[in-house]
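Participant: File entry.txt below, compact mmCIF, C-alpha atoms:
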# COMPACT_ATOMS: atom_id res chain seq x y z
CA MET Z 1 -101.02 1.19 -78.03
CA ASN Z 2 -99.83 2.24 -74.57
CA TRP Z 3 -96.11 2.57 -75.32
CA GLN Z 4 -95.41 3.97 -71.85
CA ALA Z 5 -96.60 0.68 -70.34
CA VAL Z 6 -94.50 -1.30 -72.81
CA LYS Z 7 -91.45 0.82 -71.98
CA SER Z 8 -91.98 0.39 -68.22
CA ILE Z 9 -92.13 -3.41 -68.47
CA TYR Z 10 -89.18 -3.50 -70.87
CA VAL Z 11 -86.97 -1.20 -68.77
CA PHE Z 12 -87.81 -3.11 -65.56
CA GLU Z 13 -86.84 -6.44 -67.15
CA MET Z 14 -83.65 -5.05 -68.70
CA ALA Z 15 -82.63 -3.51 -65.34
CA ARG Z 16 -82.57 -7.00 -63.84
CA PHE Z 17 -80.32 -8.10 -66.70
CA PHE Z 18 -77.87 -5.21 -66.27
CA ARG Z 19 -77.53 -5.94 -62.55
CA THR Z 20 -75.86 -9.23 -63.53
CA LEU Z 21 -74.22 -7.96 -66.71
CA MET Z 22 -70.77 -9.33 -65.93
CA GLN Z 23 -72.18 -12.76 -65.20
CA SER Z 24 -74.29 -12.57 -68.37
CA PHE Z 25 -71.19 -11.62 -70.35
CA LEU Z 26 -68.69 -14.06 -68.88
CA SER Z 27 -70.92 -17.13 -69.01
CA PRO Z 28 -71.28 -17.31 -72.84
CA VAL Z 29 -67.62 -16.40 -73.34
CA ILE Z 30 -66.42 -19.23 -71.09
CA SER Z 31 -68.92 -21.80 -72.45
CA THR Z 32 -68.10 -20.88 -76.07
CA SER Z 33 -64.38 -21.19 -75.39
CA LEU Z 34 -64.94 -24.63 -73.85
CA TYR Z 35 -66.95 -25.77 -76.87
CA PHE Z 36 -64.11 -24.76 -79.17
CA VAL Z 37 -61.55 -26.49 -76.96
CA VAL Z 38 -63.57 -29.71 -76.84
CA PHE Z 39 -65.16 -29.81 -80.29
CA GLY Z 40 -62.49 -27.85 -82.13
CA ALA Z 41 -59.50 -29.71 -80.71
CA ALA Z 42 -60.93 -33.18 -80.15
CA ILE Z 43 -63.37 -33.54 -83.05
CA GLY Z 44 -61.90 -30.88 -85.32
CA SER Z 45 -58.63 -32.79 -85.45
CA ARG Z 46 -60.54 -35.75 -86.93
CA ILE Z 47 -62.94 -33.78 -89.15
CA ASP Z 48 -60.99 -31.24 -91.17
CA GLN Z 49 -63.88 -29.77 -93.19
CA VAL Z 50 -67.63 -30.14 -93.64
CA ASP Z 51 -68.85 -29.24 -97.14
CA GLY Z 52 -65.73 -27.16 -97.71
CA VAL Z 53 -65.99 -25.25 -94.40
CA SER Z 54 -63.53 -25.80 -91.56
CA TYR Z 55 -65.17 -27.70 -88.72
CA GLY Z 56 -64.41 -24.95 -86.20
CA ALA Z 57 -66.28 -22.39 -88.30
CA PHE Z 58 -69.03 -24.89 -89.18
CA ILE Z 59 -70.17 -25.26 -85.55
CA VAL Z 60 -70.44 -21.51 -84.89
CA PRO Z 61 -74.07 -21.14 -86.13
CA GLY Z 62 -75.07 -24.16 -84.05
CA LEU Z 63 -73.38 -22.73 -80.95
CA ILE Z 64 -75.17 -19.42 -81.40
CA MET Z 65 -78.55 -21.09 -81.97
CA LEU Z 66 -78.12 -23.33 -78.92
CA SER Z 67 -77.43 -20.41 -76.61
CA VAL Z 68 -79.93 -18.02 -78.19
CA MET Z 69 -82.81 -20.49 -77.95
CA THR Z 70 -82.12 -21.51 -74.36
CA GLN Z 71 -81.48 -17.94 -73.19
CA ALA Z 72 -84.62 -16.60 -74.88
CA ILE Z 73 -86.76 -19.29 -73.24
CA SER Z 74 -85.12 -18.89 -69.84
CA ASN Z 75 -85.37 -15.09 -69.71
CA ALA Z 76 -88.95 -14.91 -70.94
CA SER Z 77 -90.23 -17.74 -68.75
CA PHE Z 78 -88.67 -16.35 -65.57
CA GLY Z 79 -89.75 -12.81 -66.47
CA ILE Z 80 -93.47 -13.66 -66.43
CA TYR Z 81 -93.33 -16.47 -63.87
CA PHE Z 82 -91.82 -14.38 -61.08
CA PRO Z 83 -94.66 -11.77 -61.04
CA LYS Z 84 -97.11 -14.67 -61.07
CA PHE Z 85 -95.22 -16.33 -58.21
CA ILE Z 86 -95.23 -13.26 -55.93
CA GLY Z 87 -98.70 -12.10 -57.02
CA THR Z 88 -97.81 -8.81 -58.72
CA VAL Z 89 -99.18 -10.12 -62.02
CA TYR Z 90 -102.68 -9.24 -60.75
CA GLU Z 91 -101.66 -5.60 -60.48
CA LEU Z 92 -100.49 -5.78 -64.07
CA LEU Z 93 -103.73 -7.42 -65.23
CA SER Z 94 -105.85 -4.81 -63.45
CA ALA Z 95 -103.89 -1.91 -64.97
CA PRO Z 96 -105.03 -0.25 -68.24
CA VAL Z 97 -102.66 -2.47 -70.22
CA ASN Z 98 -103.81 -5.00 -72.81
CA PHE Z 99 -102.26 -8.40 -73.37
CA LEU Z 100 -100.36 -7.28 -76.48
CA GLU Z 101 -98.54 -4.57 -74.55
CA ILE Z 102 -97.65 -7.04 -71.78
CA VAL Z 103 -96.30 -9.54 -74.33
CA ILE Z 104 -94.29 -6.89 -76.21
CA GLY Z 105 -92.68 -5.69 -72.97
CA TYR Z 106 -91.68 -9.09 -71.58
CA VAL Z 107 -90.89 -10.80 -74.88
CA GLY Z 108 -89.03 -7.76 -76.22
CA ALA Z 109 -86.77 -7.70 -73.16
CA ALA Z 110 -86.12 -11.45 -73.30
CA ALA Z 111 -85.34 -11.26 -77.04
CA THR Z 112 -82.95 -8.35 -76.46
CA LYS Z 113 -81.07 -10.34 -73.80
CA ALA Z 114 -80.85 -13.36 -76.10
CA MET Z 115 -79.58 -11.14 -78.93
CA PHE Z 116 -76.87 -9.81 -76.64
CA ILE Z 117 -75.75 -13.35 -75.83
CA GLY Z 118 -75.76 -14.25 -79.53
CA VAL Z 119 -73.56 -11.27 -80.41
CA VAL Z 120 -71.15 -12.10 -77.57
CA ILE Z 121 -70.82 -15.70 -78.79
CA LEU Z 122 -70.29 -14.53 -82.37
CA ALA Z 123 -67.54 -12.14 -81.24
CA THR Z 124 -65.93 -14.84 -79.09
CA SER Z 125 -66.03 -17.32 -81.99
CA ALA Z 126 -64.16 -14.85 -84.20
CA LEU Z 127 -61.21 -15.16 -81.80
CA PHE Z 128 -60.92 -18.89 -82.54
CA VAL Z 129 -61.82 -19.23 -86.24
CA ASP Z 130 -61.96 -17.11 -89.38
CA LEU Z 131 -65.57 -16.20 -90.07
CA GLU Z 132 -66.96 -14.73 -93.27
CA ILE Z 133 -70.70 -14.12 -93.22
CA GLN Z 134 -72.02 -14.34 -96.77
CA HIS Z 135 -75.49 -13.00 -96.00
CA PRO Z 136 -75.21 -10.67 -92.97
CA VAL Z 137 -78.74 -9.26 -93.33
CA ALA Z 138 -80.23 -12.75 -93.49
CA MET Z 139 -78.08 -13.80 -90.51
CA LEU Z 140 -79.37 -10.88 -88.45
CA ALA Z 141 -82.97 -11.55 -89.53
CA PHE Z 142 -82.76 -15.23 -88.58
CA MET Z 143 -81.26 -14.36 -85.19
CA VAL Z 144 -83.95 -11.76 -84.46
CA LEU Z 145 -86.76 -14.11 -85.53
CA THR Z 146 -85.32 -16.94 -83.43
CA CYS Z 147 -84.97 -14.70 -80.37
CA LEU Z 148 -88.55 -13.47 -80.74
CA SER Z 149 -90.13 -16.86 -81.43
CA PHE Z 150 -88.39 -18.68 -78.58
CA SER Z 151 -89.05 -15.77 -76.22
CA LEU Z 152 -92.74 -16.27 -77.04
CA LEU Z 153 -92.32 -19.96 -76.23
CA GLY Z 154 -90.61 -19.04 -72.96
CA PHE Z 155 -93.48 -16.70 -72.11
CA ILE Z 156 -95.91 -19.59 -72.57
CA ILE Z 157 -93.75 -21.86 -70.39
CA GLY Z 158 -93.60 -19.19 -67.67
CA ILE Z 159 -97.39 -19.04 -67.54
CA TRP Z 160 -97.73 -22.82 -67.68
CA ALA Z 161 -95.16 -23.56 -64.96
CA LYS Z 162 -96.41 -24.11 -61.41
CA ASN Z 163 -92.96 -24.12 -59.80
CA PHE Z 164 -89.34 -23.27 -60.55
CA GLU Z 165 -88.53 -26.87 -61.48
CA GLN Z 166 -91.05 -26.79 -64.33
CA LEU Z 167 -89.38 -23.65 -65.70
CA GLN Z 168 -86.31 -25.76 -66.52
CA LEU Z 169 -88.21 -28.84 -67.68
CA VAL Z 170 -88.86 -27.88 -71.30
CA PRO Z 171 -85.48 -26.18 -72.00
CA LEU Z 172 -83.47 -29.07 -70.51
CA LEU Z 173 -85.52 -32.08 -71.62
CA VAL Z 174 -86.95 -30.84 -74.92
CA VAL Z 175 -85.21 -27.84 -76.48
CA THR Z 176 -81.57 -28.70 -75.74
CA PRO Z 177 -81.81 -32.31 -77.05
CA LEU Z 178 -83.61 -31.05 -80.17
CA VAL Z 179 -80.81 -28.55 -80.82
CA PHE Z 180 -78.07 -31.17 -80.35
CA LEU Z 181 -79.95 -33.58 -82.64
CA GLY Z 182 -80.81 -30.85 -85.11
CA GLY Z 183 -77.45 -30.61 -86.88
CA SER Z 184 -75.92 -27.95 -84.65
CA PHE Z 185 -72.50 -29.65 -84.65
CA TYR Z 186 -72.76 -31.72 -87.83
CA SER Z 187 -74.46 -31.80 -91.21
CA ILE Z 188 -77.43 -34.14 -91.43
CA SER Z 189 -75.99 -35.35 -94.75
CA MET Z 190 -73.37 -37.15 -92.63
CA LEU Z 191 -76.09 -39.38 -91.15
CA PRO Z 192 -77.37 -42.67 -92.63
CA PRO Z 193 -80.37 -42.16 -94.98
CA ILE Z 194 -82.95 -43.42 -92.48
CA TRP Z 195 -81.71 -41.01 -89.79
CA GLN Z 196 -81.67 -38.14 -92.28
CA THR Z 197 -85.38 -38.73 -92.84
CA ILE Z 198 -86.11 -38.96 -89.12
CA THR Z 199 -84.11 -35.79 -88.42
CA LEU Z 200 -86.30 -33.80 -90.83
CA PHE Z 201 -89.14 -34.14 -88.31
CA ASN Z 202 -87.07 -32.09 -85.86
CA PRO Z 203 -88.25 -28.46 -86.27
CA VAL Z 204 -84.95 -27.08 -84.98
CA VAL Z 205 -83.19 -28.50 -88.06
CA TYR Z 206 -84.86 -25.87 -90.23
CA LEU Z 207 -83.78 -23.01 -87.98
CA ILE Z 208 -80.15 -24.11 -87.74
CA SER Z 209 -80.00 -24.90 -91.46
CA GLY Z 210 -81.29 -21.44 -92.41
CA PHE Z 211 -78.95 -19.74 -89.97
CA ARG Z 212 -75.96 -21.70 -91.28
CA TRP Z 213 -76.93 -20.78 -94.86
CA ALA Z 214 -76.64 -17.11 -93.89
CA PHE Z 215 -73.02 -17.75 -92.84
CA PHE Z 216 -71.69 -20.10 -95.51
CA GLY Z 217 -74.35 -20.44 -98.21
CA LEU Z 218 -74.82 -24.09 -97.15
CA ALA Z 219 -78.13 -25.56 -96.05
CA ASP Z 220 -79.42 -29.04 -95.23
CA VAL Z 221 -82.96 -28.01 -96.19
CA PRO Z 222 -84.22 -25.32 -98.63
CA ILE Z 223 -84.06 -21.80 -97.22
CA GLY Z 224 -87.74 -21.28 -98.01
CA LEU Z 225 -88.69 -24.15 -95.71
CA SER Z 226 -86.57 -22.63 -92.95
CA LEU Z 227 -88.40 -19.31 -93.22
CA LEU Z 228 -91.77 -21.07 -93.37
CA ALA Z 229 -90.91 -23.12 -90.27
CA ILE Z 230 -89.93 -20.15 -88.11
CA ALA Z 231 -92.92 -18.09 -89.34
CA GLY Z 232 -95.30 -20.96 -88.54
CA PHE Z 233 -93.74 -21.47 -85.11
CA THR Z 234 -94.03 -17.76 -84.29
CA ALA Z 235 -97.68 -17.68 -85.42
CA LEU Z 236 -98.45 -20.76 -83.31
CA CYS Z 237 -96.92 -19.19 -80.19
CA LEU Z 238 -98.83 -15.94 -80.74
CA GLY Z 239 -102.05 -17.91 -81.12
CA VAL Z 240 -101.44 -19.79 -77.86
CA ILE Z 241 -100.67 -16.56 -75.98
CA TRP Z 242 -103.83 -14.92 -77.34
CA TRP Z 243 -105.86 -17.90 -76.11
CA ILE Z 244 -104.19 -17.78 -72.68
CA PHE Z 245 -105.11 -14.14 -72.11
CA LYS Z 246 -108.60 -14.65 -73.52
CA THR Z 247 -109.39 -17.53 -71.19
CA GLY Z 248 -107.17 -16.50 -68.23
CA TRP Z 249 -105.62 -19.97 -68.11
CA ARG Z 250 -103.01 -20.23 -65.34
CA ILE Z 251 -103.13 -16.43 -64.86
CA ARG Z 252 -106.37 -15.56 -63.10
CA SER Z 253 -106.59 -18.83 -61.19
For the structure just supplied, provide its representation as C-alpha cells.
Facilitator:
Amino acid sequence: MNWQAVKSIYVFEMARFFRTLMQSFLSPVISTSLYFVVFGAAIGSRIDQVDGVSYGAFIVPGLIMLSVMTQAISNASFGIYFPKFIGTVYELLSAPVNFLEIVIGYVGAAATKAMFIGVVILATSALFVDLEIQHPVAMLAFMVLTCLSFSLLGFIIGIWAKNFEQLQLVPLLVVTPLVFLGGSFYSISMLPPIWQTITLFNPVVYLISGFRWAFFGLADVPIGLSLLAIAGFTALCLGVIWWIFKTGWRIRS
C-alpha cells in the first residue's frame, strides 16, 4: 500500500475544504437553526412527544443523516469529477498508484468532511434541545459507516457524471427525497399500515432507524437489519468501484 500517495490525495482534498472552512461551518449551523425554528416551533407545538422523546430531540438524528448523506455524496463526487473534467485524472491513473489507494484518498477526505458537518450539526442541536445519547459508540459507528458508504456512492456518481448538472441529479432527485420519506422527521409507526409497508422498501429507513436507536434506544426496524443494510450498501458500492477501475468505464474514455 502506497500510503504516501493516499496522504497526498487526502491532504490535497482537505486543503480545498479548509479554504472554505467558514462557509462549511456556517452553512450547517444556519440550516440546522432554521430546521429547529420551522419544525420545532411549528410542528413541535402540535406534536409534543414521539415515543416518549420530545419532538425537537427526535428530529436530530434525521437532521444529521440528511446533511451527512448529502455532504458525503457532494464532496466525493466533485472530488473525483473535477480531475476528470480538467484532465488531470490521467496523470493520476498513469502514476504508480492502484485504484484502492485512489479510492481511500478521495473517499477518506469526503467522509472526513461529512463527519465534520455531522459533528457541527450535533453541537448546534444541543443548543436547542436536551440530548442524551444512550449508545455513543454505536452512534459514532453509524455516522462513520454512513459517511464512508455515501462517499463511495458519491465517488461513483462523480465518475458517472458527464457534466456539473448530473453531479446534483442523484442527490437532489433521489437521495434527499428518500431521506425525507425515510422517517427523518417522523416515526414510520405514525403512518397508515399500507404506507408503513411501502416505506420499508426505502433503504434510508434502516440507516435513520439505526442511528436514532443509538440516541434514544428507539428503532422502527430491528438494529440488526440496519447494520445489514449499511454493510450491504457499502459492499455494493465497493463492487461497483472495483468494476469501474477494472473496465475503465467513464475514466479512460
Participant: Ranking Z:Val68, Z:Leu169, Z:Val179, Z:Val60 by minimum distance to Z:Leu122 and counting only C-alpha atoms, which one comes first?
Facilitator: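 Residue with the minimum atom-to-atom distance to Z:Leu122: Z:Val60.
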Participant: With distances taken over all atoms listed in the file, which of Z:Gly118, Z:Pro61, Z:Gly248, Z:Pro193 is nearest to Z:Val144?
Facilitator: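 Ranked by minimum distance to Z:Val144, first place goes to Z:Gly118.
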Participant: List as a list in words the residues having at least one atom at most 12 Å from position (-78.6, -11.7, -94.2) as given in the file, counting only C-alpha atoms.
Facilitator: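 With a cut-off of 12 Å, the residues come to Ile133, Gln134, His135, Pro136, Val137, Ala138, Met139, Leu140, Ala141, Phe142, Met143, Val144, Gly210, Phe211, Arg212, Trp213, Ala214, Phe215, Phe216, Gly217 and Ile223 of chain Z.
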Participant: Neighbourhood query: residues within 12 Å of (-78.8, -10.1, -68.0), file coordinates, counting all atoms listed in the file; return as a VMD selection string.
Facilitator: chain Z and resid 12 to 28 71 to 72 74 to 76 78 to 79 109 to 117
Participant: In Å, rounded to a single decimal, give me how far atom CA of Z:Gly183 is from atom CA of Z:Val205.
Facilitator: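 Result for atom CA of Z:Val205 versus atom CA of Z:Gly183: 6.2 Å, one decimal.
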Participant: Looking at Z:Leu145, Z:Ala5, Z:Met69, Z:Leu191, which one is nearest to Z:Gly232, with distances taken over only C-alpha atoms?
Facilitator: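 For Z:Gly232, the nearest of the candidates is Z:Leu145.
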Participant: Compile the contact shell of Z:Gly52 as a list in words: residues with an atom at most 10 Å away, counting only C-alpha atoms, same-chain residues fewer than 3 positions apart removed.
Facilitator: Asp48, Gln49, Tyr55, Phe58, Phe216 and Leu218 of chain Z
Participant: Between Z:Phe128, Z:Tyr186, Z:Phe82, Z:Leu153, single out the one closest to Z:Ile47, counting all atoms listed in the file.
Facilitator: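 Looking only at the distances to Z:Ile47, the closest residue turns out to be Z:Tyr186.
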Participant: Have a look at Z:Ile30, Z:Gly108, Z:Val53, Z:Pro83 and name the one nearest to Z:Leu148; count only C-alpha atoms.
Facilitator: Z:Gly108
Participant: For the atom pair atom CA of Z:Val119 and atom CA of Z:Ser184, what is the interatomic distance in Å to one decimal place?
Facilitator: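 Between atom CA of Z:Val119 and atom CA of Z:Ser184 the gap is 17.4 Å.
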